[in-house]
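Enquirer: I have a structure here, written as structure tokens, and I will follow up with some questions on it.
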Amino acid sequence: MSPRDLAQIGELCRNQGRVGDRLLFPKNWVNESWIEWGKSAYTDDPYGYGWFQHSLAGEPRYYGRGYGGQVLYVIPSLELTVVMRSDPYPTVAGLILSAPSIPID
């Protein structure tokens, strides 16, 4: 998924399921997905339907994490959506860099 595609998902949720004048899914679905239903086993952050929750400088933020460091942040009160993407296997001059394999005896 491209950073642009991920940002579009964030914007769709930040705008309560709306794209322009079209409502793609019910507004209450977004609000319910941001309700705490459990806690992250790693950070103890509250967790909703696919979204972790935390505050940043007193502003509620919602975020999702993906493989290799991809993160999508949505901060509705600041009208802000942020995408961070990384590649767990970067290339340098055409070479694929990966974690070394460890032989198991």
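Going by the structure tokens order, chains are called A, B, ..., each with residues numbered from 1, while ligands are numbered from 1 in the order shown.
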Name the residues of region 4-103 of chain A that fall into alpha helix (DSSP H) according to DSSP on the backbone, using the chain letters and numbers of this document, as number ranges by chain.

Expert: A: 4-14, 27-33

Enquirer: Would you mind exporting C-alpha atoms of the selected residues as a PDB file, in the first residue's frame?

Expert:
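Contents of result_7.pdb, as written:
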ATOM      1  CA  ARG A   4      -0.844   8.146  -0.451  1.00  0.00           C
ATOM      2  CA  ASP A   5      -3.356   5.267  -0.195  1.00  0.00           C
ATOM      3  CA  LEU A   6      -2.744   4.997   3.525  1.00  0.00           C
ATOM      4  CA  ALA A   7      -3.228   8.751   3.936  1.00  0.00           C
ATOM      5  CA  GLN A   8      -6.538   8.505   2.071  1.00  0.00           C
ATOM      6  CA  ILE A   9      -7.736   5.922   4.588  1.00  0.00           C
ATOM      7  CA  GLY A  10      -6.705   8.250   7.415  1.00  0.00           C
ATOM      8  CA  GLU A  11      -8.485  11.192   5.816  1.00  0.00           C
ATOM      9  CA  LEU A  12     -11.612   9.118   5.268  1.00  0.00           C
ATOM     10  CA  CYS A  13     -11.705   8.300   8.978  1.00  0.00           C
ATOM     11  CA  ARG A  14     -10.742  11.825  10.050  1.00  0.00           C
ATOM     12  CA  LYS A  27     -20.275   8.306  10.883  1.00  0.00           C
ATOM     13  CA  ASN A  28     -20.955   6.260  14.014  1.00  0.00           C
ATOM     14  CA  TRP A  29     -18.707   3.476  12.641  1.00  0.00           C
ATOM     15  CA  VAL A  30     -15.659   5.761  12.917  1.00  0.00           C
ATOM     16  CA  ASN A  31     -16.626   6.944  16.379  1.00  0.00           C
ATOM     17  CA  GLU A  32     -17.197   3.367  17.553  1.00  0.00           C
ATOM     18  CA  SER A  33     -13.885   2.234  16.070  1.00  0.00           C
TER      19      SER A  33
END

Enquirer: When DSSP works through the backbone of this structure, what residues of region 3-37 of chain A end up as strand (DSSP E or B), shown as a ChimeraX atom specification?

Expert: /A:18-19,22-23

Enquirer: I need the residue nearest Ser55 (chain A) from this list: A:Pro76, A:Gly68, A:Pro3, A:Gly38. Use only C-alpha atoms for the distance.

Expert: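 The shortest atom-to-atom distance to Ser55 (chain A) comes from A:Pro76.
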
Enquirer: Please determine, counting only C-alpha atoms, which residue among A:Gly69, A:Pro26, A:Gly48, A:Gly64 has the shortest atom-to-atom distance to Ser86 (chain A).

Expert: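 Between A:Gly69, A:Pro26, A:Gly48, A:Gly64, the residue approaching Ser86 (chain A) most closely is A:Gly69.
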
Enquirer: What lies within 9 Å of region 40-45 of chain A using only C-alpha atoms, ignoring chain neighbours under 6 positions off, as a PyMOL selection string?

Expert: chain A and resi 52-54

Enquirer: Write the selection just made, keeping N, CA and C atoms, as a compact mmCIF listing (two decimals), in the first residue's frame?

Expert:
# COMPACT_ATOMS: atom_id res chain seq x y z
N PHE A 52 -5.22 2.24 17.66
CA PHE A 52 -4.70 2.50 19.00
C PHE A 52 -5.00 3.96 19.32
N GLN A 53 -5.02 4.28 20.61
CA GLN A 53 -5.36 5.64 21.03
C GLN A 53 -4.32 6.16 22.00
N HIS A 54 -4.06 7.44 21.90
CA HIS A 54 -3.09 8.08 22.78
C HIS A 54 -3.31 9.57 22.65

Enquirer: Would you mind listing what lies within 10 Å of Arg65 (chain A) as a list in words, with only C-alpha atoms counted and same-chain residues fewer than 3 positions away left out?

Expert: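 Listed by chain and then number, they are Gly50, Trp51, Phe52, Gly68, Gly69, Gln70, Val71, Leu72, Tyr73, Met84 and Arg85 of chain A.
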
Enquirer: In Å to one decimal, how far is CA of Pro60 (chain A) from CA of Val82 (chain A)?

Expert: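 Taking CA of Val82 (chain A) as the start and CA of Pro60 (chain A) as the end point, the length is 14.0 Å.
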
Enquirer: Kindly give the distance, in Å, that separates CA of Val19 (chain A) and CA of Glu36 (chain A), rounded to a single decimal.

Expert: 25.5 Å
